[in-house]
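Heads up, the thing below is written out as structure tokens.
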Amino acid sequence: MAYVSIADRDHEQEHHDPQSFITKYIWSQDHKVIAIQYGGTAIFTGLVAMVLSSIFRLQLGFPDVFHFVDPTEYYQLVTMHGMIMIVYMLTALLLGGFGNYLIPLQLGARDMVFPFLNMLSYWFFLLSVIILMSSFFIDGGPTGAGWTLYPPQSISEGTPGVNGGITLMLLSLAVFIIAFTMGGLNYVTTILQARCKGMTLMRMPLSIWGIFVATILGLLAFPALLVAAIMTLLDQLVGTSFFMPEMLSMGEANDYNGGSPILFQHLFWFFGHPEVYIVALPAFGIVSDVLAVHARKNIFGYRMMVWAIVAIGGLSFVVWAHHMYVSGMNPYFGFFFATTTLIIAVPTALKVYNWVLTLWKGNIKLTVPMLFAIGFIFTFTHGGLTGLFLGNVTVDLPLSDTYFVIGHFHLVMGVSPILVIFAALYHWYPKLSGKMFNERLGQIHFWCTLIGTYVVYLPMHYIGILGVPRRYFAYGSDFIPESAYTLNEIITIAAIFTAVSQLLFFINIFWSLKYGKPSGGNPWNATSLEWQTPDTPAKHGNWGHDLPVVYRWPYDYSVPGETADFVPQTVAPRDGVVAGRNHGVSTD
Amino acid sequence: MVVAYAIILLVVGTIIFHFWSPWYFTEIAADWGAIDTTVDITFLITGLVFIAVNFFMAYCIYKYRYSPDKRADYEPESHKLETWLTIFTTVGVAALLIPGLFVWGDFVEPPEDASEVEVVGQQWYWTFRHPGEDAVFGNVDIRHIDVNNPFGMDPEDPAGRDDVLVDSNVLHIPVDQPVKFLLRSKDVLHDFAIPQFRVKMDLVPGMITYMWADPIREGTYEILCEELCGVAHFAMRGRVVVEDQESYETWLDGYPTFQEVLDRPEPNLIAGQGAYAVCSACHGADGQGLQALNAPDINGLDAWYVERQVRYFKEGVRGAHEDDVYGRTMAPMMAMLANDQAIRDVAAYVASLPAVYSESTVTGDTARGAEIYTTCSACHGDDGQGIWSQGAPSLVDTSDWYLVTQLHNYQNRVRGYHEADMFGEQMQLMSDILRDEEDFNDVVAYINTLKEAN
């Protein structure tokens, strides 16, 4: 089999360890360094986006007090906040960051199969971030078209940043997609080709399954965004009419003819919906692993979890128009897309059940990663269930384009993945740094984040049911009661509080880097391969002289008959001790 | 341990918030109770799952908390349990989906007896068109749109001659009569939404979309644009008035058919000049205005804008607020204009006066003013000359002190007080971006620099 031969070849290779600082940390081809570069850049952009949201929340909560946001800036802020968080933060952090770090380590590989391409992927990503951020500094500022960038308004007069901002945004997205494609092909190839001996597909940790399927989704979905971006650029710069119809612009008919704005929406959401799962699936996988490790119990229904990930991935390509129920597309599509959308709820619900059933009869250690994982189950259940409102075409009618939507997607694909990201960062921090973080500080960070975000997003659903539209700079409507403005103030205060409390995380990781206790190689007593590296932090090449050999699945916790409550994947089965009732999984 | 209690508290808190918070659907005004029912069903089913999953999780966290003496159970999978959970979930999802699909079936097929009205959206206001007696809408085209034909009516199409053109952002509809809204956009995407009707639909340039509702409760409801349409998106408001048939017909009679618009005689400048004699007492023979009399510079303003303001003064739409002292003084003057034709004549005469910029009296930080003006320019243009299709007048052709006064009037809700003031609410919302006296002066000082640039 292919993966064996590569592993063997790799075994005989001499390893040229990078020598200078530059090749080690800057132009590095080591997946772990690239992971930190990707993750660090993504977290930086996320901080920028968080600051942007704090600024416009001040405008929304206290319109009479603060002076620094006018409608032009407001639309620029919400647009950049949304796009940065979804693409440049979540996608880049989960796949570029965690994907890079975990794939070789959890699969027993020395590195990605194309290290140079991997490095190139990061530098293209950085370039895309620089292009995007530069739009803050140009005349007219960044685009204020909303993160969905719908033409005609995204490239028409009357929208902020119509001259330079939108061009840079589309260009940046194109560069990001190039970066993603380089990284993504690498992830898929590595997962399929570079697994160590004994690491069958059905012995892969669910983190890898999530990253694997998400990457395939990305490789299939991002091209739709790429062509949409290129066609929009052509409409804007060359004057083609892909998306631009004949219409009035500043009092005169424009020169376009026959373009379809709805075509853009189809392309955008053909990317945009799988994008939800590009973010969600790695989070699903990672949280599964965190839950199993800290509950000292195997993940419940591993095979079901794998098939659920694959099924969700597949279905995510036939639900996109549920974002377009009131877009003016043929309304009969509503029947089809409501049905497919609600079908996708079944595998998703099963995943939630299996996470909770993993806790059932476990031996649960309430570590900081575990707290974040539990928080995730709570927010994801909430966000997933409100998705059943918006996915069901009739229920969507009164709620579409209101604050209900904001509340829903922030809980389900904002807060939930971020809670998983924090779970993961705390979980793998000892492996990354060789130090333990401060437990108490981590707990406070968890409580501030969970309670803070819930106070922000729960009320938004009800403001939305009331009928308050999203993307409004100011309200002033008859049907909005005075109390809703007070609620808005509370939301803003909670949002600022949550944003500021994120400092605890950074204080913790930087403080612990210097003063944290040494963690040892496997502080959580975990079974998967990354915890079995000879060095912590893992050195270049990961595994010292010999590649690991895998004998079992990664969830042998509390196996009856074993003295320890975990059996690493590298431990060969002893005579007479079969891995519990693990039929068909460890014996693949 | 705390986290188990916290999960319970969050769930209980959520339920309390759901039942006791004052923020929920507005009182329904259209016969779409079925939509509310689907929402209720969804709340019930998802609520039960939300409670069950989280309570079970909290129970597990409490019951199976760590102890070094204990071992977790080892059960990789359970086919029986997983099968039951799959069946249970599928049934729940079907119970959510099926009622929704039936209601959607009603929504996509308007009843045969529904009357039709066209909703026209553009940056950033609404207008409406009725098909007239023949119940057929005449053809329209972007190419036909100009200041005299804002609806873009095709003059060659006989079906359009009896169409009633409602050049107002207030739409009246009769109660208990299903109405199909045909949605047309002149420019970008918009979305026609009335929270009390529960339904909404996007307007897409290049095509006609639709939705329908059967209004069951008389009253005035806000129309909101709910698809981001540019910088003034949030200010794109309108109103729909649901009323009895008789009042509705009276309202509709107040608007001209396309034929009546075509039949209007050309404005008569001589007649306009005659009528202007009264105006000149304050605004001056050349329309330069006189600050001492609080009369602004009006020469150079476009006829359509002067016409609209004169009509508003005459009808009491402008000057409706008792604090609009100078606005109120205009009403008796305008009463001298006998009819619409007289209004058009005098507006045309004012527009014909040679444009001479008045002297600048307001000073301020023009760099800051330029920043503020970025938002204003979306309607009033980069050069401050105004854009007719946006309903936005020239700002450079009037007195700068008058701009400051009017911006204050908007912000104090003195101007735009009357709901028939089509752009009043929009300017009120926009004027709110000026926070202090400096902002007013800065932006007007910047507008003054545009005069020099022209």
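In the structure tokens, the first chain shown is A, the next is B, and so on; residue numbers restart at 1 for each chain, and ligands run from 1 in the order shown.
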For this session: Determine, counting only C-alpha atoms, which protein, DNA and RNA residues have an atom within 12 Å of an atom of Asp286 in chain B; residues of the same chain fewer than 4 positions away are not included. Present the result as number ranges by chain.
Result: B: 273, 276-277, 279-282, 290, 296-300, 349-358
Take the residues just selected and output them with N, CA and C atoms as a PDB file, in the first residue's frame.
ATOM      1  N   GLN B 273     -43.391  83.515 -13.321  1.00  0.00           N
ATOM      2  CA  GLN B 273     -42.760  84.782 -12.936  1.00  0.00           C
ATOM      3  C   GLN B 273     -43.766  85.667 -12.204  1.00  0.00           C
ATOM      4  N   TYR B 276     -44.151  84.441  -8.777  1.00  0.00           N
ATOM      5  CA  TYR B 276     -42.927  84.617  -7.992  1.00  0.00           C
ATOM      6  C   TYR B 276     -42.844  85.998  -7.348  1.00  0.00           C
ATOM      7  N   ALA B 277     -43.621  86.933  -7.848  1.00  0.00           N
ATOM      8  CA  ALA B 277     -43.570  88.296  -7.306  1.00  0.00           C
ATOM      9  C   ALA B 277     -43.714  88.283  -5.785  1.00  0.00           C
ATOM     10  N   CYS B 279     -42.920  85.817  -3.780  1.00  0.00           N
ATOM     11  CA  CYS B 279     -41.727  85.191  -3.196  1.00  0.00           C
ATOM     12  C   CYS B 279     -40.560  86.175  -3.126  1.00  0.00           C
ATOM     13  N   SER B 280     -40.490  87.016  -4.156  1.00  0.00           N
ATOM     14  CA  SER B 280     -39.311  87.860  -4.287  1.00  0.00           C
ATOM     15  C   SER B 280     -39.190  88.846  -3.125  1.00  0.00           C
ATOM     16  N   ALA B 281     -40.287  89.078  -2.447  1.00  0.00           N
ATOM     17  CA  ALA B 281     -40.222  89.991  -1.307  1.00  0.00           C
ATOM     18  C   ALA B 281     -39.171  89.534  -0.302  1.00  0.00           C
ATOM     19  N   CYS B 282     -39.056  88.259  -0.103  1.00  0.00           N
ATOM     20  CA  CYS B 282     -38.048  87.749   0.823  1.00  0.00           C
ATOM     21  C   CYS B 282     -36.848  87.140   0.102  1.00  0.00           C
ATOM     22  N   LEU B 290     -32.294  86.226   1.632  1.00  0.00           N
ATOM     23  CA  LEU B 290     -31.874  87.270   2.552  1.00  0.00           C
ATOM     24  C   LEU B 290     -31.882  86.674   3.954  1.00  0.00           C
ATOM     25  N   PRO B 296     -33.722  81.619   2.334  1.00  0.00           N
ATOM     26  CA  PRO B 296     -32.495  81.106   1.737  1.00  0.00           C
ATOM     27  C   PRO B 296     -32.385  81.411   0.243  1.00  0.00           C
ATOM     28  N   ASP B 297     -31.159  81.264  -0.211  1.00  0.00           N
ATOM     29  CA  ASP B 297     -30.857  81.317  -1.646  1.00  0.00           C
ATOM     30  C   ASP B 297     -31.579  80.152  -2.327  1.00  0.00           C
ATOM     31  N   ILE B 298     -32.335  80.440  -3.404  1.00  0.00           N
ATOM     32  CA  ILE B 298     -33.042  79.359  -4.096  1.00  0.00           C
ATOM     33  C   ILE B 298     -32.699  79.290  -5.576  1.00  0.00           C
ATOM     34  N   ASN B 299     -31.949  80.244  -6.079  1.00  0.00           N
ATOM     35  CA  ASN B 299     -31.641  80.137  -7.511  1.00  0.00           C
ATOM     36  C   ASN B 299     -30.671  78.995  -7.747  1.00  0.00           C
ATOM     37  N   GLY B 300     -30.854  78.311  -8.862  1.00  0.00           N
ATOM     38  CA  GLY B 300     -30.007  77.163  -9.177  1.00  0.00           C
ATOM     39  C   GLY B 300     -30.601  75.850  -8.718  1.00  0.00           C
ATOM     40  N   TYR B 349     -40.022  78.551 -12.946  1.00  0.00           N
ATOM     41  CA  TYR B 349     -39.442  79.889 -13.007  1.00  0.00           C
ATOM     42  C   TYR B 349     -38.224  79.990 -12.071  1.00  0.00           C
ATOM     43  N   VAL B 350     -38.368  79.466 -10.873  1.00  0.00           N
ATOM     44  CA  VAL B 350     -37.240  79.502  -9.931  1.00  0.00           C
ATOM     45  C   VAL B 350     -36.037  78.769 -10.521  1.00  0.00           C
ATOM     46  N   ALA B 351     -36.332  77.632 -11.149  1.00  0.00           N
ATOM     47  CA  ALA B 351     -35.235  76.847 -11.721  1.00  0.00           C
ATOM     48  C   ALA B 351     -34.575  77.593 -12.871  1.00  0.00           C
ATOM     49  N   SER B 352     -35.314  78.501 -13.485  1.00  0.00           N
ATOM     50  CA  SER B 352     -34.755  79.212 -14.637  1.00  0.00           C
ATOM     51  C   SER B 352     -33.886  80.393 -14.209  1.00  0.00           C
ATOM     52  N   LEU B 353     -33.968  80.775 -12.942  1.00  0.00           N
ATOM     53  CA  LEU B 353     -33.131  81.895 -12.495  1.00  0.00           C
ATOM     54  C   LEU B 353     -31.659  81.501 -12.592  1.00  0.00           C
ATOM     55  N   PRO B 354     -30.814  82.427 -13.025  1.00  0.00           N
ATOM     56  CA  PRO B 354     -29.382  82.090 -13.142  1.00  0.00           C
ATOM     57  C   PRO B 354     -28.819  81.683 -11.779  1.00  0.00           C
ATOM     58  N   ALA B 355     -28.078  80.560 -11.790  1.00  0.00           N
ATOM     59  CA  ALA B 355     -27.514  80.061 -10.531  1.00  0.00           C
ATOM     60  C   ALA B 355     -26.352  80.937 -10.102  1.00  0.00           C
ATOM     61  N   VAL B 356     -26.499  81.576  -8.968  1.00  0.00           N
ATOM     62  CA  VAL B 356     -25.399  82.345  -8.385  1.00  0.00           C
ATOM     63  C   VAL B 356     -25.221  81.844  -6.955  1.00  0.00           C
ATOM     64  N   TYR B 357     -24.021  81.395  -6.649  1.00  0.00           N
ATOM     65  CA  TYR B 357     -23.806  80.872  -5.302  1.00  0.00           C
ATOM     66  C   TYR B 357     -23.843  82.003  -4.302  1.00  0.00           C
ATOM     67  N   SER B 358     -24.465  81.756  -3.175  1.00  0.00           N
ATOM     68  CA  SER B 358     -24.501  82.781  -2.140  1.00  0.00           C
ATOM     69  C   SER B 358     -23.188  82.775  -1.366  1.00  0.00           C
TER      70      SER B 358
END
Exercise. What residues in chain B have any atom no more than 6 Å from chain A when counting only C-alpha atoms, and can you write them as JSON, numbers by chain?
Worked result: {"B": [23, 24, 25, 26, 39, 46, 57, 60, 64, 65, 66, 71, 72, 73, 76, 77, 100, 104, 186, 187, 188, 195, 198, 199, 201, 202, 206, 209, 226, 230, 231, 234, 375, 378, 389, 433]}
Exercise. By how many Å are CA of Tyr74 in chain B and CA of Phe55 in chain B apart?
Worked result: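 CA of Tyr74 in chain B sits 22.8 Å away from CA of Phe55 in chain B.
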At a cut-off of 12 Å, using only C-alpha atoms, what residues contact Glu133 in chain B? Leave out same-chain residues fewer than 4 positions from it and give the result as a compact mmCIF listing (two decimals) with C-alpha atoms, in the first residue's frame.
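File produced: part18.txt:
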# COMPACT_ATOMS: atom_id res chain seq x y z
CA SER B 115 -55.48 42.46 -6.57
CA GLU B 116 -52.11 43.56 -7.84
CA PHE B 137 -49.48 47.02 -16.00
CA GLY B 138 -47.92 48.91 -18.89
CA ALA B 159 -51.83 49.37 -21.34
CA GLY B 160 -49.74 51.78 -19.30
CA ARG B 161 -51.85 54.86 -19.91
CA ASP B 162 -54.29 54.14 -17.11
CA ASP B 163 -51.63 52.99 -14.62
CA VAL B 164 -51.82 55.05 -11.44
CA LEU B 252 -55.97 56.25 -4.96
CA THR B 257 -52.64 58.12 -14.15
For this session: Using only C-alpha atoms, pick whichever of B:Leu44, B:Leu429, B:Gly238, B:Arg129 has the shortest atom-to-atom distance to Cys376 in chain B.
Result: B:Leu429
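Shell of Glu425 in chain B at 8 Å, with only C-alpha atoms counted and residues fewer than 4 places along the chain excluded, is Ala235, Arg237, Gly416, Tyr417, Glu419, Asp421 and Leu429 of chain B.
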May I have the selected residues written with N, CA and C atoms, as an mmCIF file, in the first residue's frame?
data_model
loop_
_atom_site.group_PDB
_atom_site.id
_atom_site.type_symbol
_atom_site.label_atom_id
_atom_site.label_comp_id
_atom_site.auth_asym_id
_atom_site.auth_seq_id
_atom_site.Cartn_x
_atom_site.Cartn_y
_atom_site.Cartn_z
ATOM 1 N N ALA B 235 -32.097 53.649 6.057
ATOM 2 C CA ALA B 235 -33.025 54.784 5.991
ATOM 3 C C ALA B 235 -34.059 54.593 4.888
ATOM 4 N N ARG B 237 -37.167 53.549 4.228
ATOM 5 C CA ARG B 237 -38.401 53.170 4.924
ATOM 6 C C ARG B 237 -39.602 53.633 4.113
ATOM 7 N N GLY B 416 -39.627 66.959 8.515
ATOM 8 C CA GLY B 416 -39.889 65.536 8.318
ATOM 9 C C GLY B 416 -40.853 65.024 9.369
ATOM 10 N N TYR B 417 -41.518 65.939 10.039
ATOM 11 C CA TYR B 417 -42.443 65.564 11.114
ATOM 12 C C TYR B 417 -43.690 64.896 10.552
ATOM 13 N N GLU B 419 -45.793 62.554 8.171
ATOM 14 C CA GLU B 419 -45.353 61.274 7.588
ATOM 15 C C GLU B 419 -45.436 61.246 6.065
ATOM 16 N N ASP B 421 -44.001 63.416 4.321
ATOM 17 C CA ASP B 421 -42.732 63.978 3.840
ATOM 18 C C ASP B 421 -41.824 62.823 3.434
ATOM 19 N N LEU B 429 -32.859 60.354 10.016
ATOM 20 C CA LEU B 429 -31.916 59.309 10.418
ATOM 21 C C LEU B 429 -30.491 59.687 10.042
#
Exercise. In Å, with one decimal, what is the gap from CA of His79 in chain B to CA of Ala4 in chain B?
Worked result: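 Those two atoms sit 28.2 Å apart.
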For this session: Return the single residue from A:Trp209, A:Phe268, A:Trp320, A:Phe333 that is closest to Met305 in chain A, with distances computed using only C-alpha atoms.
Result: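 Of all the options, A:Trp209 lies closest to Met305 in chain A.
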For this session: Excluding range 530-534 of chain A and any residue of its chain fewer than 2 positions from it, enumerate the residues within 8 Å of it, using only C-alpha atoms, and give them as number ranges by chain.
Result: A: 102, 105-106, 108, 431, 521-522, 526-528, 536, 538, 542-544, 568
For this session: Name the residues of range 19-206 of chain B that fall into helix (DSSP H, G or I) according to DSSP on the backbone, using the chain letters and numbers of this document, as a PyMOL selection string.
Result: chain B and resi 19-20+33-63+79-108+142-144+158-160+195-197
Problem set entry | Residue nearest Phe510 in chain A - candidates A:Met436, A:Leu201, A:Ile491, A:Leu173, atoms counted: only C-alpha atoms | A:Met436
For this session: Considering only C-alpha atoms, return as a ChimeraX atom specification whatever protein or nucleic-acid residues lie within 8 Å of Ile194 in chain B, sequence-local ones (same chain, fewer than 6 positions apart) excluded.
Result: /B:200,221-224
Dump as a CSV table (one decimal), in the first residue's frame, selection limited to N, CA and C atoms:
chain,number,residue,atom,x,y,z
B,200,LYS,N,-41.8,38.6,3.3
B,200,LYS,CA,-40.9,39.5,2.7
B,200,LYS,C,-40.3,38.9,1.4
B,221,TYR,N,-48.4,50.5,9.0
B,221,TYR,CA,-47.3,49.6,9.3
B,221,TYR,C,-46.0,50.0,8.5
B,222,GLU,N,-44.9,49.8,9.1
B,222,GLU,CA,-43.7,50.3,8.5
B,222,GLU,C,-43.2,49.3,7.4
B,223,ILE,N,-42.8,49.8,6.3
B,223,ILE,CA,-42.1,49.0,5.3
B,223,ILE,C,-40.6,49.2,5.5
B,224,LEU,N,-39.9,48.1,5.6
B,224,LEU,CA,-38.5,48.1,5.8
B,224,LEU,C,-37.8,47.5,4.6
Problem set entry | For CA of Asn441 in chain B and CA of His380 in chain B, the interatomic separation in Å (one decimal) |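 According to the coordinates, CA of Asn441 in chain B and CA of His380 in chain B are separated by 17.4 Å.
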Exercise. So which residues of range 50-260 of chain A fall under strand (DSSP E) by DSSP, listed as a PyMOL selection string?
Worked result: chain A and resi 248-249+252-253
Export of the given selection (C-alpha atoms) as a PDB file, in the first residue's frame:
ATOM      1  CA  LEU A 248     -30.265  53.138 -12.715  1.00  0.00           C
ATOM      2  CA  SER A 249     -27.082  54.435 -11.158  1.00  0.00           C
ATOM      3  CA  GLU A 252     -28.708  57.526 -15.172  1.00  0.00           C
ATOM      4  CA  ALA A 253     -29.007  54.150 -16.840  1.00  0.00           C
TER       5      ALA A 253
END
